[in-house]
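Chemist: This one is work-v3.txt, compact mmCIF, C-alpha atoms.
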```txt
# COMPACT_ATOMS: atom_id res chain seq x y z
CA ILE A 1 40.12 37.38 152.73
CA ILE A 2 42.14 37.91 149.54
CA THR A 3 40.78 40.67 147.30
CA GLU A 4 41.44 44.17 145.99
CA ASP A 5 37.81 44.79 145.06
CA PRO A 6 36.60 47.43 147.56
CA LEU A 7 32.90 46.66 147.05
CA LEU A 8 33.41 42.94 147.50
CA LEU A 9 35.60 43.57 150.52
CA ASP A 10 32.88 45.71 152.12
CA ASP A 11 30.40 42.86 151.64
CA LEU A 12 32.76 40.26 153.09
CA LEU A 13 33.65 42.37 156.10
CA ARG A 14 29.96 42.92 156.77
CA LEU A 15 29.26 39.17 156.60
CA CYS A 16 32.21 38.40 158.86
CA ALA A 17 30.82 40.84 161.41
CA ALA A 18 27.40 39.16 161.20
CA ALA A 19 29.01 35.78 161.92
CA GLY A 20 31.34 37.06 164.64
CA ALA A 21 34.40 36.10 162.59
CA GLU A 22 37.72 37.96 162.70
CA PRO A 23 38.89 38.77 159.14
CA HIS A 24 42.50 39.11 157.97
CA VAL A 25 42.64 40.99 154.65
CA HIS A 26 45.36 40.48 152.00
CA HIS A 27 45.86 41.38 148.35
CA ALA A 28 47.62 38.10 147.53
CA VAL A 29 48.63 34.85 149.23
CA PRO A 30 50.15 35.74 152.62
CA GLU A 31 53.58 34.31 153.27
CA GLN A 32 53.86 31.63 155.92
CA SER A 33 56.90 33.20 157.54
CA GLY A 34 54.80 36.01 158.96
CA ALA A 35 56.77 38.71 157.14
CA GLY A 36 57.19 40.04 153.64
CA GLY A 37 54.71 40.83 150.94
CA GLY A 38 53.05 39.30 147.95
CA PRO A 39 53.41 40.40 144.33
CA GLY A 40 54.05 44.12 144.31
CA GLY A 41 55.43 44.10 147.87
CA GLY A 42 52.33 45.66 149.44
CA SER A 43 52.24 45.33 153.20
CA GLU A 44 48.62 44.18 153.05
CA ALA A 45 49.77 40.98 151.34
CA ALA A 46 51.90 39.94 154.29
CA ALA A 47 50.75 37.92 157.25
CA PRO A 48 51.70 39.97 160.31
CA ARG A 49 53.70 38.25 163.01
CA GLY A 50 51.37 36.09 165.01
CA GLY A 51 48.81 36.52 162.23
CA VAL A 52 47.11 34.06 159.91
CA GLY A 53 48.72 32.57 156.82
CA TRP A 54 47.36 30.75 153.79
CA GLU A 55 47.72 27.31 155.34
CA SER A 56 46.86 28.22 158.94
CA ALA A 57 43.64 30.19 158.37
CA PRO A 58 40.57 28.06 159.10
CA LEU A 59 38.84 29.54 156.05
CA VAL A 60 40.06 31.41 152.97
CA LEU A 61 37.77 33.64 150.91
CA VAL A 62 39.31 34.48 147.55
CA GLY A 63 37.72 37.33 145.64
CA ASP A 64 37.13 36.60 141.98
CA ASP A 65 39.38 39.55 141.13
CA ALA A 66 42.31 37.82 142.92
CA ALA A 67 41.83 34.33 141.48
CA ARG A 68 44.70 34.59 138.98
CA ARG A 69 47.10 35.98 141.62
CA VAL A 70 46.31 33.12 143.96
CA ARG A 71 46.67 30.42 141.29
CA GLY A 72 49.58 28.15 142.18
CA ALA A 73 49.18 28.47 145.95
CA PRO A 74 49.36 25.17 147.88
CA ARG A 75 46.13 23.19 147.75
CA ARG A 76 44.18 23.15 151.01
CA PRO A 77 40.60 22.63 152.19
CA GLY A 78 38.36 25.52 153.16
CA VAL A 79 38.97 27.76 150.13
CA PHE A 80 35.95 29.53 148.64
CA LEU A 81 35.89 31.64 145.49
CA VAL A 82 33.59 34.62 146.06
CA GLY A 83 32.29 37.02 143.42
CA ARG A 84 29.41 39.34 142.60
CA ASP A 85 29.05 38.65 138.86
CA LEU A 86 26.19 36.17 138.59
CA ASP A 87 26.62 35.72 134.83
CA ASP A 88 30.37 34.95 134.59
CA PRO A 89 30.67 31.66 132.63
CA PHE A 90 34.36 31.14 133.48
CA VAL A 91 34.12 31.34 137.26
CA TRP A 92 34.00 27.54 137.62
CA GLN A 93 37.22 27.16 135.66
CA ARG A 94 38.97 29.57 138.01
CA ALA A 95 37.56 27.69 140.99
CA VAL A 96 39.03 24.43 139.72
CA GLU A 97 42.41 26.09 139.20
CA LEU A 98 42.34 27.26 142.83
CA GLY A 99 41.10 23.99 144.25
CA ALA A 100 38.16 25.89 145.74
CA GLU A 101 35.51 23.86 147.56
CA GLU A 102 32.69 26.05 146.36
CA VAL A 103 31.81 29.15 144.34
CA LEU A 104 29.75 31.70 146.27
CA ARG A 105 28.01 34.45 144.30
CA LEU A 106 26.81 37.42 146.29
CA PRO A 107 24.23 38.49 147.26
CA ASP A 108 22.45 35.16 146.64
CA ALA A 109 24.92 33.15 148.73
CA GLU A 110 25.13 35.53 151.70
CA ASN A 111 23.26 33.21 154.08
CA ARG A 112 25.39 30.24 153.04
CA LEU A 113 28.58 32.22 153.61
CA VAL A 114 27.47 33.51 157.02
CA ASP A 115 26.67 29.93 158.03
CA ARG A 116 30.11 28.73 156.95
CA LEU A 117 31.86 31.58 158.75
CA ALA A 118 29.87 30.96 161.91
CA ASP A 119 30.74 27.26 161.77
CA VAL A 120 34.39 28.25 161.94
CA VAL A 121 33.78 30.65 164.82
CA GLU A 122 31.84 28.05 166.80
CA GLY A 123 34.25 25.25 165.98
CA ALA A 124 31.40 23.20 164.56
CA GLY A 125 32.33 19.56 164.19
CA ARG A 126 30.17 16.47 163.94
CA PRO A 127 26.48 17.45 164.26
CA ALA A 128 24.39 16.01 167.06
CA LEU A 129 22.63 12.70 166.62
CA THR A 130 19.08 14.02 166.40
CA VAL A 131 16.16 11.77 167.31
CA GLY A 132 12.48 12.65 167.12
CA VAL A 133 9.79 10.89 169.16
CA ILE A 134 6.16 10.95 168.05
CA GLY A 135 3.06 9.22 169.38
CA GLY A 136 1.09 7.01 167.03
CA SER A 137 -2.03 7.84 169.04
CA GLY A 138 -3.02 9.78 172.12
CA GLY A 139 -1.60 8.40 175.34
CA ALA A 140 1.11 6.37 173.64
CA GLY A 141 3.77 7.78 175.95
CA ALA A 142 5.92 9.62 173.39
CA SER A 143 6.71 12.56 175.68
CA THR A 144 7.70 10.21 178.49
CA LEU A 145 10.02 8.31 176.15
CA ALA A 146 11.53 11.55 174.80
CA CYS A 147 12.29 12.75 178.33
CA ALA A 148 13.78 9.40 179.29
CA LEU A 149 15.97 9.25 176.19
CA ALA A 150 17.33 12.74 176.86
CA LEU A 151 17.94 11.99 180.54
CA ARG A 152 19.83 8.76 179.84
CA ALA A 153 21.95 10.41 177.13
CA ALA A 154 22.91 13.18 179.56
CA ARG A 155 23.75 10.67 182.28
CA ALA A 156 25.95 8.85 179.77
CA GLY A 157 28.00 12.04 179.44
CA GLU A 158 26.59 13.33 176.15
CA ARG A 159 25.89 17.03 175.62
CA THR A 160 22.09 16.82 175.41
CA ILE A 161 19.31 19.18 174.38
CA LEU A 162 15.64 18.18 174.72
CA ILE A 163 13.32 20.15 172.45
CA ASP A 164 9.58 20.29 173.04
CA GLY A 165 8.05 20.45 169.58
CA ASP A 166 4.46 20.02 170.77
CA PRO A 167 2.91 23.32 171.93
CA LEU A 168 -0.20 21.52 173.21
CA GLY A 169 1.65 18.88 175.19
CA GLY A 170 1.77 20.68 178.52
CA GLY A 171 5.49 21.42 178.57
CA MET A 172 8.52 19.13 178.84
CA ASP A 173 9.88 21.34 181.62
CA VAL A 174 6.79 20.41 183.67
CA LEU A 175 7.40 16.70 183.06
CA LEU A 176 10.96 17.19 184.29
CA GLY A 177 9.84 19.20 187.32
CA GLY A 178 11.44 22.43 186.14
CA GLU A 179 8.60 24.72 185.10
CA GLY A 180 10.03 27.44 187.34
CA ALA A 181 13.61 27.15 186.07
CA GLU A 182 15.16 30.28 184.62
CA GLY A 183 15.88 30.37 180.91
CA LEU A 184 14.30 31.03 177.54
CA ARG A 185 11.27 29.22 176.11
CA TRP A 186 9.94 28.83 172.57
CA PRO A 187 8.08 32.18 172.42
CA ASP A 188 11.44 33.93 173.00
CA PHE A 189 12.68 32.46 169.70
CA ALA A 190 9.54 33.06 167.65
CA ALA A 191 11.05 36.06 165.85
CA SER A 192 14.33 34.28 164.99
CA ARG A 193 15.46 34.67 161.40
CA GLY A 194 18.57 33.30 159.74
CA ARG A 195 21.20 31.68 161.90
CA VAL A 196 20.89 31.22 165.66
CA GLY A 197 24.18 30.93 167.55
CA ALA A 198 24.61 27.39 168.84
CA GLY A 199 26.53 28.34 171.97
CA ALA A 200 24.19 31.20 172.81
CA LEU A 201 21.16 28.92 172.38
CA GLU A 202 22.53 26.25 174.70
CA GLU A 203 23.52 28.72 177.40
CA SER A 204 20.14 30.46 177.30
CA LEU A 205 18.04 27.34 177.97
CA PRO A 206 17.04 26.01 181.40
CA GLU A 207 19.31 23.23 182.67
CA LEU A 208 17.42 20.34 184.26
CA HIS A 209 18.97 17.03 185.31
CA ALA A 210 22.23 17.81 183.43
CA LEU A 211 20.47 18.49 180.11
CA ARG A 212 19.20 21.63 178.41
CA VAL A 213 15.47 21.92 177.73
CA LEU A 214 13.67 24.08 175.19
CA SER A 215 10.02 24.03 176.18
CA TRP A 216 6.93 26.23 176.03
CA ASP A 217 5.94 28.81 178.59
CA ARG A 218 2.52 29.04 180.18
CA GLY A 219 1.38 31.78 177.82
CA ASP A 220 -1.13 31.67 174.99
CA ARG A 221 1.34 31.56 172.10
CA VAL A 222 1.38 28.11 170.50
CA VAL A 223 2.82 28.92 167.06
CA VAL A 224 6.47 29.33 166.08
CA PRO A 225 7.11 30.26 162.43
CA PRO A 226 8.75 27.50 160.34
CA ALA A 227 11.86 29.63 159.72
CA ALA A 228 12.41 30.07 163.46
CA MET A 229 11.84 26.37 164.11
CA ARG A 230 14.38 25.47 161.42
CA SER A 231 17.01 27.90 162.74
CA VAL A 232 16.70 26.82 166.36
CA VAL A 233 16.87 23.08 165.65
CA ALA A 234 19.85 23.62 163.34
CA ALA A 235 21.64 25.55 166.09
CA ALA A 236 20.98 22.77 168.60
CA ARG A 237 22.43 20.19 166.20
CA ARG A 238 25.65 22.14 165.57
CA ARG A 239 26.83 21.70 169.16
CA GLY A 240 27.19 17.95 168.71
CA GLY A 241 26.15 15.31 171.22
CA VAL A 242 22.47 14.38 171.26
CA VAL A 243 19.26 16.28 170.46
CA VAL A 244 15.89 14.70 171.29
CA VAL A 245 12.69 16.28 169.92
CA ASP A 246 9.20 15.53 171.22
CA LEU A 247 6.91 15.89 168.20
CA PRO A 248 3.18 16.52 167.84
CA ARG A 249 1.14 14.03 165.79
CA ARG A 250 0.04 16.64 163.27
CA VAL A 251 2.69 17.42 160.64
CA ASP A 252 2.39 21.08 159.66
CA GLU A 253 4.98 23.27 157.95
CA ALA A 254 6.92 23.98 161.16
CA VAL A 255 7.03 20.30 162.16
CA ALA A 256 8.18 19.43 158.64
CA GLU A 257 11.17 21.74 159.15
CA VAL A 258 12.10 19.71 162.22
CA LEU A 259 11.53 16.33 160.56
CA ALA A 260 13.87 17.29 157.72
CA GLN A 261 16.76 17.65 160.21
CA LEU A 262 16.20 14.41 162.14
CA ASP A 263 18.44 11.38 161.80
CA LEU A 264 15.74 9.07 163.12
CA VAL A 265 12.08 9.21 164.15
CA LEU A 266 10.74 6.82 166.78
CA LEU A 267 7.00 6.21 166.35
CA VAL A 268 5.56 5.07 169.71
CA VAL A 269 2.65 2.69 169.24
CA LEU A 270 0.39 0.88 171.70
CA GLY A 271 0.02 -2.80 170.85
CA GLU A 272 -3.66 -2.80 169.87
CA LEU A 273 -5.39 -2.59 166.52
CA ARG A 274 -7.04 0.79 167.02
CA SER A 275 -3.73 2.39 168.03
CA VAL A 276 -1.96 0.75 165.11
CA ALA A 277 -4.60 2.12 162.72
CA ALA A 278 -4.13 5.63 164.11
CA ALA A 279 -0.34 5.25 163.95
CA GLY A 280 -0.59 4.36 160.27
CA ARG A 281 -2.05 7.78 159.51
CA VAL A 282 0.63 9.51 161.59
CA ALA A 283 3.38 7.51 159.89
CA ALA A 284 2.10 8.47 156.44
CA GLY A 285 2.54 12.16 157.22
CA VAL A 286 5.93 11.71 158.86
CA ARG A 287 7.34 9.65 155.97
CA MET A 288 6.70 12.49 153.55
CA VAL A 289 9.65 14.34 155.15
CA ALA A 290 11.60 12.09 157.53
CA ARG A 291 14.41 9.89 156.25
CA ASP A 292 14.17 7.06 158.78
CA VAL A 293 11.08 6.05 160.77
CA ARG A 294 11.11 3.16 163.26
CA VAL A 295 8.52 1.71 165.60
CA VAL A 296 8.65 1.45 169.39
CA VAL A 297 5.87 -0.75 170.75
CA ARG A 298 4.75 0.21 174.24
CA GLY A 299 2.93 -2.20 176.50
CA ARG A 300 1.75 -5.74 175.97
CA CYS A 301 0.31 -6.45 172.54
CA ARG A 302 -3.29 -7.66 172.32
CA GLN A 303 -5.62 -9.27 169.79
CA GLY A 304 -3.02 -11.73 168.57
CA LEU A 305 -0.44 -9.05 167.72
CA ASP A 306 3.21 -9.04 168.66
CA ALA A 307 5.75 -6.22 168.30
CA GLU A 308 7.08 -7.49 164.96
CA ALA A 309 3.54 -7.73 163.61
CA VAL A 310 2.81 -4.15 164.68
CA ALA A 311 5.94 -2.90 162.92
CA GLY A 312 5.04 -4.97 159.86
CA LEU A 313 1.55 -3.48 159.68
CA LEU A 314 3.12 -0.03 159.77
CA GLY A 315 5.79 -0.91 157.20
CA ALA A 316 8.65 0.25 159.41
CA PRO A 317 11.51 -1.47 161.27
CA LEU A 318 11.04 -2.32 164.93
CA ALA A 319 13.28 -0.27 167.22
CA GLY A 320 12.21 -2.12 170.36
CA GLU A 321 9.56 -2.79 172.96
CA VAL A 322 8.95 -0.79 176.13
CA PRO A 323 6.82 -2.53 178.78
CA VAL A 324 4.39 -0.41 180.75
CA GLU A 325 6.22 0.45 183.96
CA VAL A 326 4.05 0.07 187.04
CA GLY A 327 4.44 3.01 189.41
CA LEU A 328 6.10 5.35 186.91
CA PRO A 329 3.28 7.96 186.84
CA GLY A 330 3.33 8.17 190.62
CA ARG A 331 7.10 8.59 190.76
CA VAL A 332 6.97 11.33 188.10
CA ALA A 333 4.22 13.10 190.08
CA GLU A 334 6.56 13.05 193.08
CA GLY A 335 9.34 14.73 191.06
CA GLU A 336 11.34 11.81 189.69
CA PRO A 337 12.10 12.36 185.97
CA PRO A 338 11.08 9.66 183.47
CA GLY A 339 13.94 7.24 182.85
CA ALA A 340 15.64 7.73 186.19
CA ARG A 341 15.42 3.98 186.76
CA GLY A 342 13.47 0.87 185.82
CA VAL A 343 12.66 -0.78 182.50
CA LEU A 344 12.32 2.53 180.66
CA ALA A 345 15.86 3.50 181.70
CA ARG A 346 17.18 0.13 180.53
CA PHE A 347 15.48 0.49 177.16
CA CYS A 348 16.98 3.97 176.65
CA ASP A 349 20.45 2.84 177.71
CA GLY A 350 20.33 0.01 175.20
CA PHE A 351 19.15 2.36 172.47
CA TRP A 352 22.01 4.83 173.04
CA GLN A 353 24.60 2.05 173.28
CA ARG A 354 23.65 1.04 169.74
CA ALA A 355 23.22 4.59 168.44
CA LEU A 356 26.33 6.10 170.02
CA GLY A 357 28.71 3.21 169.52
CA PRO A 358 32.08 3.38 167.73
CA ALA A 359 30.44 4.05 164.34
CA GLN A 360 28.42 6.99 165.78
CA GLY A 361 25.55 5.99 163.55
CA VAL A 362 21.87 5.27 163.85
CA PRO A 363 21.19 1.77 165.24
CA ALA A 364 20.54 -0.94 162.70
```
Do you think you could lay out the structure here as structure tokens?
Modeler:
Amino acid sequence: IITEDPLLLDDLLRLCAAAGAEPHVHHAVPEQSGAGGGPGGGSEAAAPRGGVGWESAPLVLVGDDAARRVRGAPRRPGVFLVGRDLDDPFVWQRAVELGAEEVLRLPDAENRLVDRLADVVEGAGRPALTVGVIGGSGGAGASTLACALALRAARAGERTILIDGDPLGGGMDVLLGGEGAEGLRWPDFAASRGRVGAGALEESLPELHALRVLSWDRGDRVVVPPAAMRSVVAAARRRGGVVVVDLPRRVDEAVAEVLAQLDLVLLVVLGELRSVAAAGRVAAGVRMVARDVRVVVRGRCRQGLDAEAVAGLLGAPLAGEVPVEVGLPGRVAEGEPPGARGVLARFCDGFWQRALGPAQGVPA
């Protein structure tokens, strides 16, 4: 932090504390040698031995009052110009002179700044590849596919979080045989506001089959406010790896918050006309928010349809076909998680090989 404005400094120290960030305060650009002072020779301008300098700090917050003193410092990423005057017309010019990435005006930008500070604290890198799975009709097998995708990603060595977004689905922890596992469930996060710590979230969830699961408890609460849903999913994504979300077919405000953060939505459709008709209505609601929707056809198609025809009727690309796996329900009832073996496991492995290849992108 570089500022001499005591009010601004109080605000920045408060926001650093909220994000868990350790601030180093200076009145000018700290010297890289770790000794000496800035203009005026004040000791606050120096980087103490073993401290943080201009180029080594992961983030630099320059108060608007110090912009002219900092002008001429070496250009570097991660510099933000911060001020409290919302009507200053010349602030952008000073930001350009500094090479600042962004201008943050308090108090309006407090949440944005806390997020950026917390990213530094958590070492946030590439966000998780986040895939939603939604049934085109009842009984399509979306929850089974979501579980299998998460299991195969975890077995491939990816940090994996499975999120149960359907409060009426019976619980993903039950499907994985872990309803008694210790850890937090959705009702514990219902009051979340603002940023949720990514590391704290992951560590608080039950661990089942080498993946973390956020499911529902057996209580009566079936509603999580949209703000809490947004914060929790965002925290899960910041840890990198893979996040799989099992979605309900009804798109309400909370589900829309999840859809907006997904890289890809897999719409699971049974290969029959009635199921395709129902899936068309589901797809219409999902497309209002989601960026990329693709079709997974489950089971043998009937009535002259094939998988490509089903995807064509729904106006979405075909992500693949999953045959009905004989004996899977019985194995799950005996405690074997979906995707442990068989054709469903092979489908999921192929999906992740395309999605998590060298380009780290969504499969074409």
Chemist: Would you mind telling me which residue in A:Asp10, A:Asp263, A:Glu336, A:Asp246 lies nearest to A:Gly141 when using all atoms listed in the file?
Modeler: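 Distance minimum relative to A:Gly141 lands on A:Asp246.
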Chemist: What's the 10 Å shell around A:Gln303, counting only C-alpha atoms, without same-chain residues fewer than 6 positions away, as a PyMOL selection string?
Modeler: chain A and resi 271-273
Chemist: Using all atoms listed in the file, which protein or nucleic acid residues come within 8 Å of A:Gly165? Drop anything in the same chain fewer than 6 positions from it, and give the result as a PDB file with C-alpha atoms, in the frame of the given file.
Modeler:
```pdb
ATOM      1  CA  SER A 215      10.020  24.030 176.180  1.00  0.00           C
ATOM      2  CA  VAL A 245      12.690  16.280 169.920  1.00  0.00           C
ATOM      3  CA  ASP A 246       9.200  15.530 171.220  1.00  0.00           C
ATOM      4  CA  LEU A 247       6.910  15.890 168.200  1.00  0.00           C
ATOM      5  CA  PRO A 248       3.180  16.520 167.840  1.00  0.00           C
ATOM      6  CA  VAL A 255       7.030  20.300 162.160  1.00  0.00           C
TER       7      VAL A 255
END
```
Chemist: Report, in Å with one decimal, the straight-line distance from atom CA of A:Leu151 to atom CA of A:Pro226.
Modeler: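 These atoms are spaced 27.1 Å apart.
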Chemist: Work out how far apart atom CA of A:Leu113 and atom CA of A:Leu15 are and give it in Å to one decimal.
Modeler: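 For atom CA of A:Leu113 relative to atom CA of A:Leu15, the distance reads 7.6 Å.
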Chemist: To one decimal place in Å, what is the distance between atom CA of A:Asp188 and atom CA of A:Val213?
Modeler: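 Interatomic distance, atom CA of A:Asp188 to atom CA of A:Val213: 13.5 Å.
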Chemist: Can you pull out the residues contacting A:Asp173? Cut-off 12 Å, using all atoms listed in the file, and skip same-chain residues under 5 positions away; I want them as number ranges by chain.
Modeler: A: 143-144, 147, 162-164, 178-186, 205-209, 211-218, 246, 335, 337-338
Chemist: In the coordinates of the file, take the point (13.4, 7.7, 175.5) and a cut-off of 9 Å; then, counting all atoms listed in the file, name each qualifying protein, DNA or RNA residue as a CSV table (one decimal) with C-alpha atoms, keeping the file's coordinate frame.
Modeler:
```
chain,number,residue,atom,x,y,z
A,133,VAL,CA,9.8,10.9,169.2
A,142,ALA,CA,5.9,9.6,173.4
A,143,SER,CA,6.7,12.6,175.7
A,144,THR,CA,7.7,10.2,178.5
A,145,LEU,CA,10.0,8.3,176.2
A,146,ALA,CA,11.5,11.6,174.8
A,147,CYS,CA,12.3,12.8,178.3
A,148,ALA,CA,13.8,9.4,179.3
A,149,LEU,CA,16.0,9.2,176.2
A,150,ALA,CA,17.3,12.7,176.9
A,151,LEU,CA,17.9,12.0,180.5
A,152,ARG,CA,19.8,8.8,179.8
A,244,VAL,CA,15.9,14.7,171.3
A,338,PRO,CA,11.1,9.7,183.5
A,339,GLY,CA,13.9,7.2,182.8
A,344,LEU,CA,12.3,2.5,180.7
A,345,ALA,CA,15.9,3.5,181.7
A,347,PHE,CA,15.5,0.5,177.2
A,348,CYS,CA,17.0,4.0,176.6
A,349,ASP,CA,20.4,2.8,177.7
A,351,PHE,CA,19.2,2.4,172.5
```
Chemist: Using all atoms listed in the file, which of the listed residues (A:Ala156, A:Val224, A:Ala67, A:Leu262) sits closest to A:Ala210?
Modeler: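 Nearest candidate to A:Ala210 out of A:Ala156, A:Val224, A:Ala67, A:Leu262: A:Ala156.
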Chemist: Point out the residue among A:Leu314, A:Val332, A:Leu9, A:Ala309 with the least atom-to-atom distance to A:Ala278, counting only C-alpha atoms.
Modeler: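 With only C-alpha atoms as the atom set, the closest residue is A:Leu314.
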Chemist: Need to verify the contact set: A:Ala311, 9 Å, only C-alpha atoms, exclusion of same-chain residues closer than 3 positions in sequence. Can you return it as number ranges by chain?
Modeler: A: 276, 294-297, 306-308, 314-319
Chemist: For a quick check of understanding, using all atoms listed in the file, which of A:Ile2, A:Leu175, A:Val62, A:Ala277 has the smallest distance to A:His24?
Modeler: A:Ile2
Chemist: For the point (17.1, 20.7, 159.8) in the file's frame, write as a tab-separated table (two decimals) with C-alpha atoms, in the coordinates of the input all residues with an atom no more than 10 Å away, counting all atoms listed in the file.
Modeler:
```tsv
chain	number	residue	atom	x	y	z
A	130	THR	CA	19.08	14.02	166.40
A	229	MET	CA	11.84	26.37	164.11
A	230	ARG	CA	14.38	25.47	161.42
A	231	SER	CA	17.01	27.90	162.74
A	232	VAL	CA	16.70	26.82	166.36
A	233	VAL	CA	16.87	23.08	165.65
A	234	ALA	CA	19.85	23.62	163.34
A	235	ALA	CA	21.64	25.55	166.09
A	236	ALA	CA	20.98	22.77	168.60
A	237	ARG	CA	22.43	20.19	166.20
A	256	ALA	CA	8.18	19.43	158.64
A	257	GLU	CA	11.17	21.74	159.15
A	258	VAL	CA	12.10	19.71	162.22
A	259	LEU	CA	11.53	16.33	160.56
A	260	ALA	CA	13.87	17.29	157.72
A	261	GLN	CA	16.76	17.65	160.21
A	262	LEU	CA	16.20	14.41	162.14
A	263	ASP	CA	18.44	11.38	161.80
```
Chemist: Fix up stretch 111-117 of chain A with all heavy atoms, then write it as a PDB file, in the coordinates of the input.
Modeler:
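Result written to selection-v4.pdb:
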```pdb
ATOM      1  N   ASN A 111      23.629  34.055 152.935  1.00  0.00           N
ATOM      2  CA  ASN A 111      23.260  33.210 154.080  1.00  0.00           C
ATOM      3  C   ASN A 111      24.179  31.998 154.179  1.00  0.00           C
ATOM      4  O   ASN A 111      24.591  31.606 155.282  1.00  0.00           O
ATOM      5  CB  ASN A 111      21.807  32.766 153.974  1.00  0.00           C
ATOM      6  CG  ASN A 111      20.829  33.899 154.231  1.00  0.00           C
ATOM      7  OD1 ASN A 111      21.171  34.892 154.867  1.00  0.00           O
ATOM      8  ND2 ASN A 111      19.618  33.747 153.733  1.00  0.00           N
ATOM      9  N   ARG A 112      24.496  31.400 153.046  1.00  0.00           N
ATOM     10  CA  ARG A 112      25.390  30.240 153.040  1.00  0.00           C
ATOM     11  C   ARG A 112      26.771  30.622 153.571  1.00  0.00           C
ATOM     12  O   ARG A 112      27.376  29.887 154.362  1.00  0.00           O
ATOM     13  CB  ARG A 112      25.497  29.696 151.614  1.00  0.00           C
ATOM     14  CG  ARG A 112      26.685  28.790 151.327  1.00  0.00           C
ATOM     15  CD  ARG A 112      26.593  27.490 152.063  1.00  0.00           C
ATOM     16  NE  ARG A 112      27.723  26.637 151.766  1.00  0.00           N
ATOM     17  CZ  ARG A 112      28.257  25.769 152.598  1.00  0.00           C
ATOM     18  NH1 ARG A 112      27.755  25.646 153.815  1.00  0.00           N
ATOM     19  NH2 ARG A 112      29.271  25.027 152.249  1.00  0.00           N
ATOM     20  N   LEU A 113      27.257  31.787 153.174  1.00  0.00           N
ATOM     21  CA  LEU A 113      28.580  32.220 153.610  1.00  0.00           C
ATOM     22  C   LEU A 113      28.586  32.551 155.104  1.00  0.00           C
ATOM     23  O   LEU A 113      29.533  32.195 155.827  1.00  0.00           O
ATOM     24  CB  LEU A 113      29.047  33.415 152.790  1.00  0.00           C
ATOM     25  CG  LEU A 113      30.446  33.968 153.111  1.00  0.00           C
ATOM     26  CD1 LEU A 113      31.489  32.859 153.117  1.00  0.00           C
ATOM     27  CD2 LEU A 113      30.822  35.056 152.120  1.00  0.00           C
ATOM     28  N   VAL A 114      27.550  33.216 155.585  1.00  0.00           N
ATOM     29  CA  VAL A 114      27.470  33.510 157.020  1.00  0.00           C
ATOM     30  C   VAL A 114      27.447  32.209 157.824  1.00  0.00           C
ATOM     31  O   VAL A 114      28.108  32.085 158.853  1.00  0.00           O
ATOM     32  CB  VAL A 114      26.242  34.382 157.331  1.00  0.00           C
ATOM     33  CG1 VAL A 114      26.016  34.475 158.843  1.00  0.00           C
ATOM     34  CG2 VAL A 114      26.420  35.769 156.748  1.00  0.00           C
ATOM     35  N   ASP A 115      26.705  31.230 157.344  1.00  0.00           N
ATOM     36  CA  ASP A 115      26.670  29.930 158.030  1.00  0.00           C
ATOM     37  C   ASP A 115      28.062  29.310 158.093  1.00  0.00           C
ATOM     38  O   ASP A 115      28.474  28.787 159.125  1.00  0.00           O
ATOM     39  CB  ASP A 115      25.723  28.974 157.314  1.00  0.00           C
ATOM     40  CG  ASP A 115      24.257  29.245 157.637  1.00  0.00           C
ATOM     41  OD1 ASP A 115      24.004  30.021 158.572  1.00  0.00           O
ATOM     42  OD2 ASP A 115      23.391  28.684 156.953  1.00  0.00           O
ATOM     43  N   ARG A 116      28.777  29.353 156.982  1.00  0.00           N
ATOM     44  CA  ARG A 116      30.110  28.730 156.950  1.00  0.00           C
ATOM     45  C   ARG A 116      31.078  29.476 157.865  1.00  0.00           C
ATOM     46  O   ARG A 116      31.889  28.856 158.561  1.00  0.00           O
ATOM     47  CB  ARG A 116      30.644  28.724 155.499  1.00  0.00           C
ATOM     48  CG  ARG A 116      31.881  27.874 155.311  1.00  0.00           C
ATOM     49  CD  ARG A 116      31.567  26.411 155.538  1.00  0.00           C
ATOM     50  NE  ARG A 116      32.764  25.589 155.424  1.00  0.00           N
ATOM     51  CZ  ARG A 116      33.634  25.377 156.412  1.00  0.00           C
ATOM     52  NH1 ARG A 116      33.426  25.942 157.590  1.00  0.00           N
ATOM     53  NH2 ARG A 116      34.678  24.606 156.233  1.00  0.00           N
ATOM     54  N   LEU A 117      31.013  30.794 157.861  1.00  0.00           N
ATOM     55  CA  LEU A 117      31.860  31.580 158.750  1.00  0.00           C
ATOM     56  C   LEU A 117      31.542  31.291 160.214  1.00  0.00           C
ATOM     57  O   LEU A 117      32.442  31.132 161.043  1.00  0.00           O
ATOM     58  CB  LEU A 117      31.674  33.077 158.460  1.00  0.00           C
ATOM     59  CG  LEU A 117      32.258  33.599 157.147  1.00  0.00           C
ATOM     60  CD1 LEU A 117      31.668  34.972 156.827  1.00  0.00           C
ATOM     61  CD2 LEU A 117      33.771  33.678 157.214  1.00  0.00           C
TER      62      LEU A 117
END
```
